[in-house]
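Q: I'm passing along target17.pdb; it holds PDB, N, CA and C atoms, pLDDT in the B column.
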ATOM      1  N   MET A   1     -10.259  74.147  64.308  1.00 91.00           N
ATOM      2  CA  MET A   1      -9.349  74.057  65.430  1.00 91.00           C
ATOM      3  C   MET A   1      -7.984  73.672  64.872  1.00 91.00           C
ATOM      4  N   THR A   2      -6.972  74.369  65.328  1.00 95.00           N
ATOM      5  CA  THR A   2      -5.613  74.089  64.870  1.00 95.00           C
ATOM      6  C   THR A   2      -4.747  73.587  66.019  1.00 95.00           C
ATOM      7  N   VAL A   3      -3.712  72.868  65.667  1.00 96.00           N
ATOM      8  CA  VAL A   3      -2.783  72.335  66.658  1.00 96.00           C
ATOM      9  C   VAL A   3      -2.005  73.470  67.321  1.00 96.00           C
ATOM     10  N   GLU A   4      -1.539  74.406  66.522  1.00 97.00           N
ATOM     11  CA  GLU A   4      -0.625  75.434  67.019  1.00 97.00           C
ATOM     12  C   GLU A   4      -1.283  76.551  67.811  1.00 97.00           C
ATOM     13  N   VAL A   5      -2.437  77.035  67.387  1.00 95.00           N
ATOM     14  CA  VAL A   5      -3.033  78.215  68.029  1.00 95.00           C
ATOM     15  C   VAL A   5      -4.487  78.033  68.455  1.00 95.00           C
ATOM     16  N   GLY A   6      -5.030  76.847  68.350  1.00 93.00           N
ATOM     17  CA  GLY A   6      -6.419  76.617  68.741  1.00 93.00           C
ATOM     18  C   GLY A   6      -7.387  77.044  67.644  1.00 93.00           C
ATOM     19  N   ALA A   7      -8.546  77.519  68.054  1.00 90.00           N
ATOM     20  CA  ALA A   7      -9.592  77.897  67.101  1.00 90.00           C
ATOM     21  C   ALA A   7      -9.232  79.198  66.394  1.00 90.00           C
ATOM     22  N   ILE A   8      -9.444  79.228  65.091  1.00 91.00           N
ATOM     23  CA  ILE A   8      -9.308  80.464  64.322  1.00 91.00           C
ATOM     24  C   ILE A   8     -10.561  80.627  63.480  1.00 91.00           C
ATOM     25  N   THR A   9     -10.945  81.867  63.246  1.00 87.00           N
ATOM     26  CA  THR A   9     -12.155  82.159  62.489  1.00 87.00           C
ATOM     27  C   THR A   9     -11.863  83.236  61.465  1.00 87.00           C
ATOM     28  N   GLY A  10     -12.789  83.408  60.558  1.00 89.00           N
ATOM     29  CA  GLY A  10     -12.633  84.436  59.529  1.00 89.00           C
ATOM     30  C   GLY A  10     -12.428  83.800  58.171  1.00 89.00           C
ATOM     31  N   GLU A  11     -11.948  84.592  57.244  1.00 93.00           N
ATOM     32  CA  GLU A  11     -11.703  84.102  55.894  1.00 93.00           C
ATOM     33  C   GLU A  11     -10.392  83.322  55.888  1.00 93.00           C
ATOM     34  N   LEU A  12     -10.513  82.017  55.651  1.00 94.00           N
ATOM     35  CA  LEU A  12      -9.368  81.124  55.709  1.00 94.00           C
ATOM     36  C   LEU A  12      -9.135  80.456  54.365  1.00 94.00           C
ATOM     37  N   GLU A  13      -7.911  80.035  54.147  1.00 96.00           N
ATOM     38  CA  GLU A  13      -7.547  79.257  52.964  1.00 96.00           C
ATOM     39  C   GLU A  13      -7.121  77.873  53.435  1.00 96.00           C
ATOM     40  N   LEU A  14      -7.516  76.846  52.690  1.00 96.00           N
ATOM     41  CA  LEU A  14      -7.185  75.462  52.999  1.00 96.00           C
ATOM     42  C   LEU A  14      -6.154  74.964  52.008  1.00 96.00           C
ATOM     43  N   GLN A  15      -5.108  74.333  52.512  1.00 96.00           N
ATOM     44  CA  GLN A  15      -4.135  73.664  51.654  1.00 96.00           C
ATOM     45  C   GLN A  15      -4.055  72.219  52.101  1.00 96.00           C
ATOM     46  N   THR A  16      -4.269  71.299  51.169  1.00 95.00           N
ATOM     47  CA  THR A  16      -4.083  69.885  51.461  1.00 95.00           C
ATOM     48  C   THR A  16      -2.882  69.401  50.665  1.00 95.00           C
ATOM     49  N   HIS A  17      -2.214  68.393  51.196  1.00 95.00           N
ATOM     50  CA  HIS A  17      -1.006  67.887  50.544  1.00 95.00           C
ATOM     51  C   HIS A  17      -0.787  66.440  50.927  1.00 95.00           C
ATOM     52  N   PRO A  18      -0.210  65.663  49.998  1.00 92.00           N
ATOM     53  CA  PRO A  18       0.139  64.291  50.372  1.00 92.00           C
ATOM     54  C   PRO A  18       1.281  64.315  51.382  1.00 92.00           C
ATOM     55  N   THR A  19       1.255  63.403  52.318  1.00 91.00           N
ATOM     56  CA  THR A  19       2.360  63.282  53.269  1.00 91.00           C
ATOM     57  C   THR A  19       3.372  62.307  52.687  1.00 91.00           C
ATOM     58  N   GLY A  20       4.406  61.992  53.413  1.00 82.00           N
ATOM     59  CA  GLY A  20       5.383  61.003  52.956  1.00 82.00           C
ATOM     60  C   GLY A  20       4.765  59.625  52.809  1.00 82.00           C
ATOM     61  N   ASN A  21       3.667  59.397  53.509  1.00 79.00           N
ATOM     62  CA  ASN A  21       2.928  58.142  53.422  1.00 79.00           C
ATOM     63  C   ASN A  21       1.894  58.298  52.309  1.00 79.00           C
ATOM     64  N   ASP A  22       1.872  57.385  51.361  1.00 76.00           N
ATOM     65  CA  ASP A  22       0.954  57.491  50.214  1.00 76.00           C
ATOM     66  C   ASP A  22      -0.509  57.383  50.593  1.00 76.00           C
ATOM     67  N   HIS A  23      -0.805  57.059  51.838  1.00 89.00           N
ATOM     68  CA  HIS A  23      -2.185  56.844  52.245  1.00 89.00           C
ATOM     69  C   HIS A  23      -2.675  57.891  53.237  1.00 89.00           C
ATOM     70  N   GLU A  24      -2.056  59.072  53.216  1.00 93.00           N
ATOM     71  CA  GLU A  24      -2.471  60.157  54.104  1.00 93.00           C
ATOM     72  C   GLU A  24      -2.441  61.488  53.368  1.00 93.00           C
ATOM     73  N   ILE A  25      -3.389  62.369  53.748  1.00 95.00           N
ATOM     74  CA  ILE A  25      -3.441  63.728  53.221  1.00 95.00           C
ATOM     75  C   ILE A  25      -3.374  64.682  54.410  1.00 95.00           C
ATOM     76  N   GLY A  26      -2.425  65.607  54.387  1.00 95.00           N
ATOM     77  CA  GLY A  26      -2.303  66.612  55.430  1.00 95.00           C
ATOM     78  C   GLY A  26      -3.185  67.816  55.122  1.00 95.00           C
ATOM     79  N   ALA A  27      -3.591  68.540  56.155  1.00 96.00           N
ATOM     80  CA  ALA A  27      -4.444  69.716  55.983  1.00 96.00           C
ATOM     81  C   ALA A  27      -3.897  70.884  56.797  1.00 96.00           C
ATOM     82  N   LEU A  28      -3.701  72.009  56.108  1.00 97.00           N
ATOM     83  CA  LEU A  28      -3.239  73.247  56.732  1.00 97.00           C
ATOM     84  C   LEU A  28      -4.232  74.356  56.402  1.00 97.00           C
ATOM     85  N   VAL A  29      -4.398  75.301  57.316  1.00 97.00           N
ATOM     86  CA  VAL A  29      -5.211  76.484  57.051  1.00 97.00           C
ATOM     87  C   VAL A  29      -4.385  77.719  57.370  1.00 97.00           C
ATOM     88  N   ARG A  30      -4.774  78.825  56.765  1.00 96.00           N
ATOM     89  CA  ARG A  30      -4.159  80.119  57.072  1.00 96.00           C
ATOM     90  C   ARG A  30      -5.204  81.190  56.818  1.00 96.00           C
ATOM     91  N   TYR A  31      -4.991  82.338  57.470  1.00 96.00           N
ATOM     92  CA  TYR A  31      -5.852  83.471  57.169  1.00 96.00           C
ATOM     93  C   TYR A  31      -5.610  83.860  55.719  1.00 96.00           C
ATOM     94  N   ALA A  32      -6.658  84.252  55.005  1.00 95.00           N
ATOM     95  CA  ALA A  32      -6.556  84.594  53.585  1.00 95.00           C
ATOM     96  C   ALA A  32      -5.418  85.592  53.358  1.00 95.00           C
ATOM     97  N   GLY A  33      -4.497  85.237  52.491  1.00 93.00           N
ATOM     98  CA  GLY A  33      -3.394  86.103  52.140  1.00 93.00           C
ATOM     99  C   GLY A  33      -2.233  86.107  53.112  1.00 93.00           C
ATOM    100  N   ALA A  34      -2.355  85.407  54.228  1.00 95.00           N
ATOM    101  CA  ALA A  34      -1.287  85.391  55.233  1.00 95.00           C
ATOM    102  C   ALA A  34      -0.210  84.375  54.869  1.00 95.00           C
ATOM    103  N   ARG A  35       0.896  84.472  55.547  1.00 96.00           N
ATOM    104  CA  ARG A  35       2.012  83.565  55.296  1.00 96.00           C
ATOM    105  C   ARG A  35       1.975  82.353  56.228  1.00 96.00           C
ATOM    106  N   ASP A  36       1.636  82.572  57.501  1.00 97.00           N
ATOM    107  CA  ASP A  36       1.667  81.489  58.494  1.00 97.00           C
ATOM    108  C   ASP A  36       0.544  80.488  58.247  1.00 97.00           C
ATOM    109  N   GLN A  37       0.896  79.199  58.302  1.00 97.00           N
ATOM    110  CA  GLN A  37      -0.085  78.132  58.142  1.00 97.00           C
ATOM    111  C   GLN A  37      -0.154  77.335  59.433  1.00 97.00           C
ATOM    112  N   TYR A  38      -1.331  76.766  59.691  1.00 98.00           N
ATOM    113  CA  TYR A  38      -1.565  76.022  60.917  1.00 98.00           C
ATOM    114  C   TYR A  38      -2.137  74.653  60.573  1.00 98.00           C
ATOM    115  N   THR A  39      -1.696  73.647  61.304  1.00 97.00           N
ATOM    116  CA  THR A  39      -2.159  72.281  61.101  1.00 97.00           C
ATOM    117  C   THR A  39      -3.552  72.114  61.696  1.00 97.00           C
ATOM    118  N   VAL A  40      -4.470  71.576  60.906  1.00 97.00           N
ATOM    119  CA  VAL A  40      -5.827  71.320  61.396  1.00 97.00           C
ATOM    120  C   VAL A  40      -5.779  70.094  62.310  1.00 97.00           C
ATOM    121  N   VAL A  41      -6.438  70.189  63.476  1.00 96.00           N
ATOM    122  CA  VAL A  41      -6.504  69.058  64.398  1.00 96.00           C
ATOM    123  C   VAL A  41      -7.103  67.863  63.660  1.00 96.00           C
ATOM    124  N   GLY A  42      -6.453  66.720  63.777  1.00 95.00           N
ATOM    125  CA  GLY A  42      -6.895  65.503  63.103  1.00 95.00           C
ATOM    126  C   GLY A  42      -6.124  65.224  61.830  1.00 95.00           C
ATOM    127  N   SER A  43      -5.263  66.154  61.421  1.00 95.00           N
ATOM    128  CA  SER A  43      -4.457  65.978  60.218  1.00 95.00           C
ATOM    129  C   SER A  43      -3.163  65.259  60.594  1.00 95.00           C
ATOM    130  N   PRO A  44      -2.689  64.353  59.759  1.00 95.00           N
ATOM    131  CA  PRO A  44      -3.155  63.962  58.434  1.00 95.00           C
ATOM    132  C   PRO A  44      -4.320  62.972  58.503  1.00 95.00           C
ATOM    133  N   ILE A  45      -5.035  62.919  57.389  1.00 93.00           N
ATOM    134  CA  ILE A  45      -6.208  62.064  57.259  1.00 93.00           C
ATOM    135  C   ILE A  45      -5.817  60.796  56.503  1.00 93.00           C
ATOM    136  N   PRO A  46      -6.051  59.614  57.081  1.00 92.00           N
ATOM    137  CA  PRO A  46      -5.818  58.385  56.323  1.00 92.00           C
ATOM    138  C   PRO A  46      -6.830  58.298  55.181  1.00 92.00           C
ATOM    139  N   THR A  47      -6.374  57.897  54.017  1.00 90.00           N
ATOM    140  CA  THR A  47      -7.285  57.820  52.876  1.00 90.00           C
ATOM    141  C   THR A  47      -6.770  56.857  51.826  1.00 90.00           C
ATOM    142  N   THR A  48      -7.686  56.312  51.067  1.00 88.00           N
ATOM    143  CA  THR A  48      -7.337  55.539  49.880  1.00 88.00           C
ATOM    144  C   THR A  48      -7.947  56.203  48.649  1.00 88.00           C
ATOM    145  N   ASP A  49      -8.634  57.330  48.868  1.00 88.00           N
ATOM    146  CA  ASP A  49      -9.277  58.078  47.786  1.00 88.00           C
ATOM    147  C   ASP A  49      -8.270  58.998  47.107  1.00 88.00           C
ATOM    148  N   PRO A  50      -8.582  59.409  45.882  1.00 88.00           N
ATOM    149  CA  PRO A  50      -7.726  60.411  45.220  1.00 88.00           C
ATOM    150  C   PRO A  50      -7.659  61.698  46.052  1.00 88.00           C
ATOM    151  N   HIS A  51      -6.566  62.421  45.922  1.00 90.00           N
ATOM    152  CA  HIS A  51      -6.323  63.651  46.698  1.00 90.00           C
ATOM    153  C   HIS A  51      -7.497  64.624  46.585  1.00 90.00           C
ATOM    154  N   GLN A  52      -7.989  64.892  45.384  1.00 92.00           N
ATOM    155  CA  GLN A  52      -9.061  65.881  45.221  1.00 92.00           C
ATOM    156  C   GLN A  52     -10.314  65.471  45.975  1.00 92.00           C
ATOM    157  N   ASP A  53     -10.645  64.183  45.974  1.00 93.00           N
ATOM    158  CA  ASP A  53     -11.824  63.712  46.713  1.00 93.00           C
ATOM    159  C   ASP A  53     -11.648  63.962  48.210  1.00 93.00           C
ATOM    160  N   THR A  54     -10.452  63.667  48.723  1.00 92.00           N
ATOM    161  CA  THR A  54     -10.185  63.878  50.141  1.00 92.00           C
ATOM    162  C   THR A  54     -10.174  65.368  50.465  1.00 92.00           C
ATOM    163  N   HIS A  55      -9.588  66.185  49.588  1.00 94.00           N
ATOM    164  CA  HIS A  55      -9.608  67.642  49.776  1.00 94.00           C
ATOM    165  C   HIS A  55     -11.045  68.128  49.898  1.00 94.00           C
ATOM    166  N   ASP A  56     -11.909  67.664  49.013  1.00 94.00           N
ATOM    167  CA  ASP A  56     -13.314  68.088  49.039  1.00 94.00           C
ATOM    168  C   ASP A  56     -13.999  67.677  50.343  1.00 94.00           C
ATOM    169  N   LEU A  57     -13.709  66.469  50.846  1.00 93.00           N
ATOM    170  CA  LEU A  57     -14.285  66.022  52.121  1.00 93.00           C
ATOM    171  C   LEU A  57     -13.803  66.891  53.284  1.00 93.00           C
ATOM    172  N   ILE A  58     -12.506  67.216  53.282  1.00 93.00           N
ATOM    173  CA  ILE A  58     -11.943  68.067  54.330  1.00 93.00           C
ATOM    174  C   ILE A  58     -12.581  69.452  54.277  1.00 93.00           C
ATOM    175  N   LEU A  59     -12.688  70.018  53.077  1.00 94.00           N
ATOM    176  CA  LEU A  59     -13.293  71.334  52.924  1.00 94.00           C
ATOM    177  C   LEU A  59     -14.730  71.336  53.420  1.00 94.00           C
ATOM    178  N   GLU A  60     -15.491  70.314  53.076  1.00 92.00           N
ATOM    179  CA  GLU A  60     -16.880  70.222  53.540  1.00 92.00           C
ATOM    180  C   GLU A  60     -16.941  70.142  55.063  1.00 92.00           C
ATOM    181  N   GLN A  61     -16.079  69.332  55.666  1.00 91.00           N
ATOM    182  CA  GLN A  61     -16.051  69.195  57.131  1.00 91.00           C
ATOM    183  C   GLN A  61     -15.763  70.537  57.796  1.00 91.00           C
ATOM    184  N   LEU A  62     -14.794  71.272  57.258  1.00 91.00           N
ATOM    185  CA  LEU A  62     -14.376  72.516  57.897  1.00 91.00           C
ATOM    186  C   LEU A  62     -15.335  73.678  57.657  1.00 91.00           C
ATOM    187  N   THR A  63     -16.187  73.586  56.639  1.00 90.00           N
ATOM    188  CA  THR A  63     -17.125  74.674  56.356  1.00 90.00           C
ATOM    189  C   THR A  63     -18.547  74.379  56.832  1.00 90.00           C
ATOM    190  N   THR A  64     -18.754  73.211  57.430  1.00 86.00           N
ATOM    191  CA  THR A  64     -20.052  72.872  57.994  1.00 86.00           C
ATOM    192  C   THR A  64     -20.071  73.318  59.454  1.00 86.00           C
ATOM    193  N   PRO A  65     -21.080  74.070  59.864  1.00 83.00           N
ATOM    194  CA  PRO A  65     -21.121  74.535  61.258  1.00 83.00           C
ATOM    195  C   PRO A  65     -21.009  73.375  62.242  1.00 83.00           C
ATOM    196  N   GLY A  66     -20.321  73.620  63.330  1.00 78.00           N
ATOM    197  CA  GLY A  66     -20.138  72.611  64.363  1.00 78.00           C
ATOM    198  C   GLY A  66     -21.339  72.507  65.279  1.00 78.00           C
ATOM    199  N   ARG A  67     -21.253  71.526  66.163  1.00 81.00           N
ATOM    200  CA  ARG A  67     -22.300  71.373  67.183  1.00 81.00           C
ATOM    201  C   ARG A  67     -22.298  72.617  68.068  1.00 81.00           C
ATOM    202  N   THR A  68     -23.364  72.818  68.780  1.00 85.00           N
ATOM    203  CA  THR A  68     -23.419  73.964  69.690  1.00 85.00           C
ATOM    204  C   THR A  68     -23.360  73.481  71.130  1.00 85.00           C
ATOM    205  N   GLY A  69     -22.762  74.298  71.963  1.00 79.00           N
ATOM    206  CA  GLY A  69     -22.678  74.037  73.391  1.00 79.00           C
ATOM    207  C   GLY A  69     -23.224  75.225  74.142  1.00 79.00           C
ATOM    208  N   ALA A  70     -22.997  75.256  75.422  1.00 82.00           N
ATOM    209  CA  ALA A  70     -23.512  76.342  76.268  1.00 82.00           C
ATOM    210  C   ALA A  70     -22.961  77.699  75.837  1.00 82.00           C
ATOM    211  N   ALA A  71     -21.728  77.723  75.316  1.00 79.00           N
ATOM    212  CA  ALA A  71     -21.091  78.988  74.926  1.00 79.00           C
ATOM    213  C   ALA A  71     -21.231  79.282  73.439  1.00 79.00           C
ATOM    214  N   GLY A  72     -22.008  78.491  72.726  1.00 81.00           N
ATOM    215  CA  GLY A  72     -22.188  78.718  71.291  1.00 81.00           C
ATOM    216  C   GLY A  72     -21.615  77.576  70.467  1.00 81.00           C
ATOM    217  N   GLU A  73     -21.254  77.876  69.223  1.00 80.00           N
ATOM    218  CA  GLU A  73     -20.755  76.854  68.316  1.00 80.00           C
ATOM    219  C   GLU A  73     -19.395  76.327  68.764  1.00 80.00           C
ATOM    220  N   LEU A  74     -19.250  75.008  68.737  1.00 82.00           N
ATOM    221  CA  LEU A  74     -17.993  74.374  69.123  1.00 82.00           C
ATOM    222  C   LEU A  74     -17.042  74.353  67.928  1.00 82.00           C
ATOM    223  N   PRO A  75     -15.728  74.375  68.181  1.00 86.00           N
ATOM    224  CA  PRO A  75     -14.771  74.339  67.079  1.00 86.00           C
ATOM    225  C   PRO A  75     -14.912  73.077  66.245  1.00 86.00           C
ATOM    226  N   VAL A  76     -14.576  73.191  64.977  1.00 88.00           N
ATOM    227  CA  VAL A  76     -14.635  72.064  64.042  1.00 88.00           C
ATOM    228  C   VAL A  76     -13.202  71.611  63.764  1.00 88.00           C
ATOM    229  N   ASP A  77     -13.018  70.291  63.686  1.00 91.00           N
ATOM    230  CA  ASP A  77     -11.718  69.737  63.312  1.00 91.00           C
ATOM    231  C   ASP A  77     -11.935  68.510  62.447  1.00 91.00           C
ATOM    232  N   LEU A  78     -10.894  67.728  62.223  1.00 93.00           N
ATOM    233  CA  LEU A  78     -10.991  66.583  61.329  1.00 93.00           C
ATOM    234  C   LEU A  78     -11.061  65.263  62.055  1.00 93.00           C
ATOM    235  N   THR A  79     -11.141  65.274  63.374  1.00 90.00           N
ATOM    236  CA  THR A  79     -11.133  64.020  64.123  1.00 90.00           C
ATOM    237  C   THR A  79     -12.380  63.184  63.887  1.00 90.00           C
ATOM    238  N   THR A  80     -13.464  63.802  63.451  1.00 84.00           N
ATOM    239  CA  THR A  80     -14.704  63.053  63.204  1.00 84.00           C
ATOM    240  C   THR A  80     -15.001  62.905  61.714  1.00 84.00           C
ATOM    241  N   LEU A  81     -14.033  63.195  60.867  1.00 84.00           N
ATOM    242  CA  LEU A  81     -14.240  63.108  59.415  1.00 84.00           C
ATOM    243  C   LEU A  81     -14.650  61.692  59.039  1.00 84.00           C
ATOM    244  N   GLY A  82     -15.741  61.577  58.321  1.00 65.00           N
ATOM    245  CA  GLY A  82     -16.209  60.294  57.856  1.00 65.00           C
ATOM    246  C   GLY A  82     -17.118  59.559  58.820  1.00 65.00           C
ATOM    247  N   GLU A  83     -17.366  60.129  59.994  1.00 63.00           N
ATOM    248  CA  GLU A  83     -18.272  59.463  60.953  1.00 63.00           C
ATOM    249  C   GLU A  83     -19.707  59.774  60.631  1.00 63.00           C
TER     250      GLU A  83
END
Can the structure in the file be given as C-alpha cells, please?
A:
Amino acid sequence: MTVEVGAITGELELQTHPTGNDHEIGALVRYAGARDQYTVVGSPIPTTDPHQDTHDLILEQLTTPGRTGAAGELPVDLTTLGE
C-alpha cells in the first residue's frame, strides 16, 4: 500500500534510504524499471539497527502475503512491522 496511489501490484523495486533523522529509514517502491516512486504506508520506520538489517525487514514484510478478507488478500504496508 502506498501513500500516493494506494495498493500497487506486480514486479516492484524497493528503495530504502536514511532520512534526515539518524534513527529512521524511509521506504519507496516503484514498478520495475519505472521512474515514479511511491512512499510505502508506514514509512519512515524508526530503527536503531543498521540500514541493511532494516532494509531486509522491510523487504520481508512487503513480500509476505497479507491477511485475507472477504474480497481476498488485504494490502500490505509497514504499519505493523515488528509486531
Q: Could you list the residues chosen by the PyMOL selection byres ((chain A and resi 28) around 6.5) in this structure as JSON, numbers by chain?
A: {"A": [13, 14, 15, 16, 17, 26, 27, 29, 30, 37, 38, 39, 40]}
Q: Taking the file as shown, find all residues satisfying the PyMOL selection byres (((chain A and resi 6 and name CA) around 12) and name CA) and write them as a list of chain:residue names.
A: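 Written out, the selection comes to A:Met1, A:Thr2, A:Val3, A:Glu4, A:Val5, A:Ala7, A:Ile8, A:Thr9, A:Val29, A:Tyr38, A:Thr39, A:Val40, A:Val41, A:Leu74, A:Pro75, A:Val76, A:Asp77.
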Q: Set up a box along x, y and z of the file covering all listed atoms of segment 19-25 of chain A, add 6 Å on every one of the six sides, and write the centre and edge lengths in Å to one decimal, as lines of an AutoDock Vina configuration file.
A:
center_x = 1.0
center_y = 60.8
center_z = 52.3
size_x = 20.8
size_y = 19.8
size_z = 16.2
Q: Counting only N, CA and C atoms, which residue out of A:Leu81, A:Ala70, A:Ala34, A:Ile25 sits closest to His51 of chain A?
A: A:Ile25
Q: Written as a list in words, what is the full residue list that the PyMOL selection byres (((chain A and resi 22 and name CA) around 12) and name CA) yields on the file shown?
A: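 Given this file, the PyMOL selection byres (((chain A and resi 22 and name CA) around 12) and name CA) evaluates to His17, Pro18, Thr19, Gly20, Asn21, His23, Glu24, Ile25, Gly26, Pro44, Ile45, Pro46, Thr47, Thr48, Asp49, Pro50 and His51 of chain A.
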Q: Please return, as a VMD selection string, all residues of segment 3-56 of chain A that DSSP assigns to alpha helix (DSSP H) on the basis of the backbone.
A: chain A and resid 51 to 56
Q: So what do you get for atom C of Asp53 of chain A versus atom C of Glu73 of chain A, distance-wise?
A: 25.2 Å
Q: Do you have the atom CA of Ala32 of chain A-atom CA of Thr63 of chain A distance handy?
A: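 Pair atom CA of Ala32 of chain A / atom CA of Thr63 of chain A returns 14.8 Å.
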Q: Please measure the separation of atom CA of Arg35 of chain A and atom C of Gln61 of chain A, giving the value in Å to one decimal.
A: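 Straight-line distance from atom CA of Arg35 of chain A to atom C of Gln61 of chain A works out to 22.2 Å.
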Q: How would you write, as number ranges by chain, the set of residues in chain A that DSSP gives as strand (DSSP E or B)?
A: A: 2, 6, 12-18, 24-31, 38-40, 45-46, 68-69, 72-73
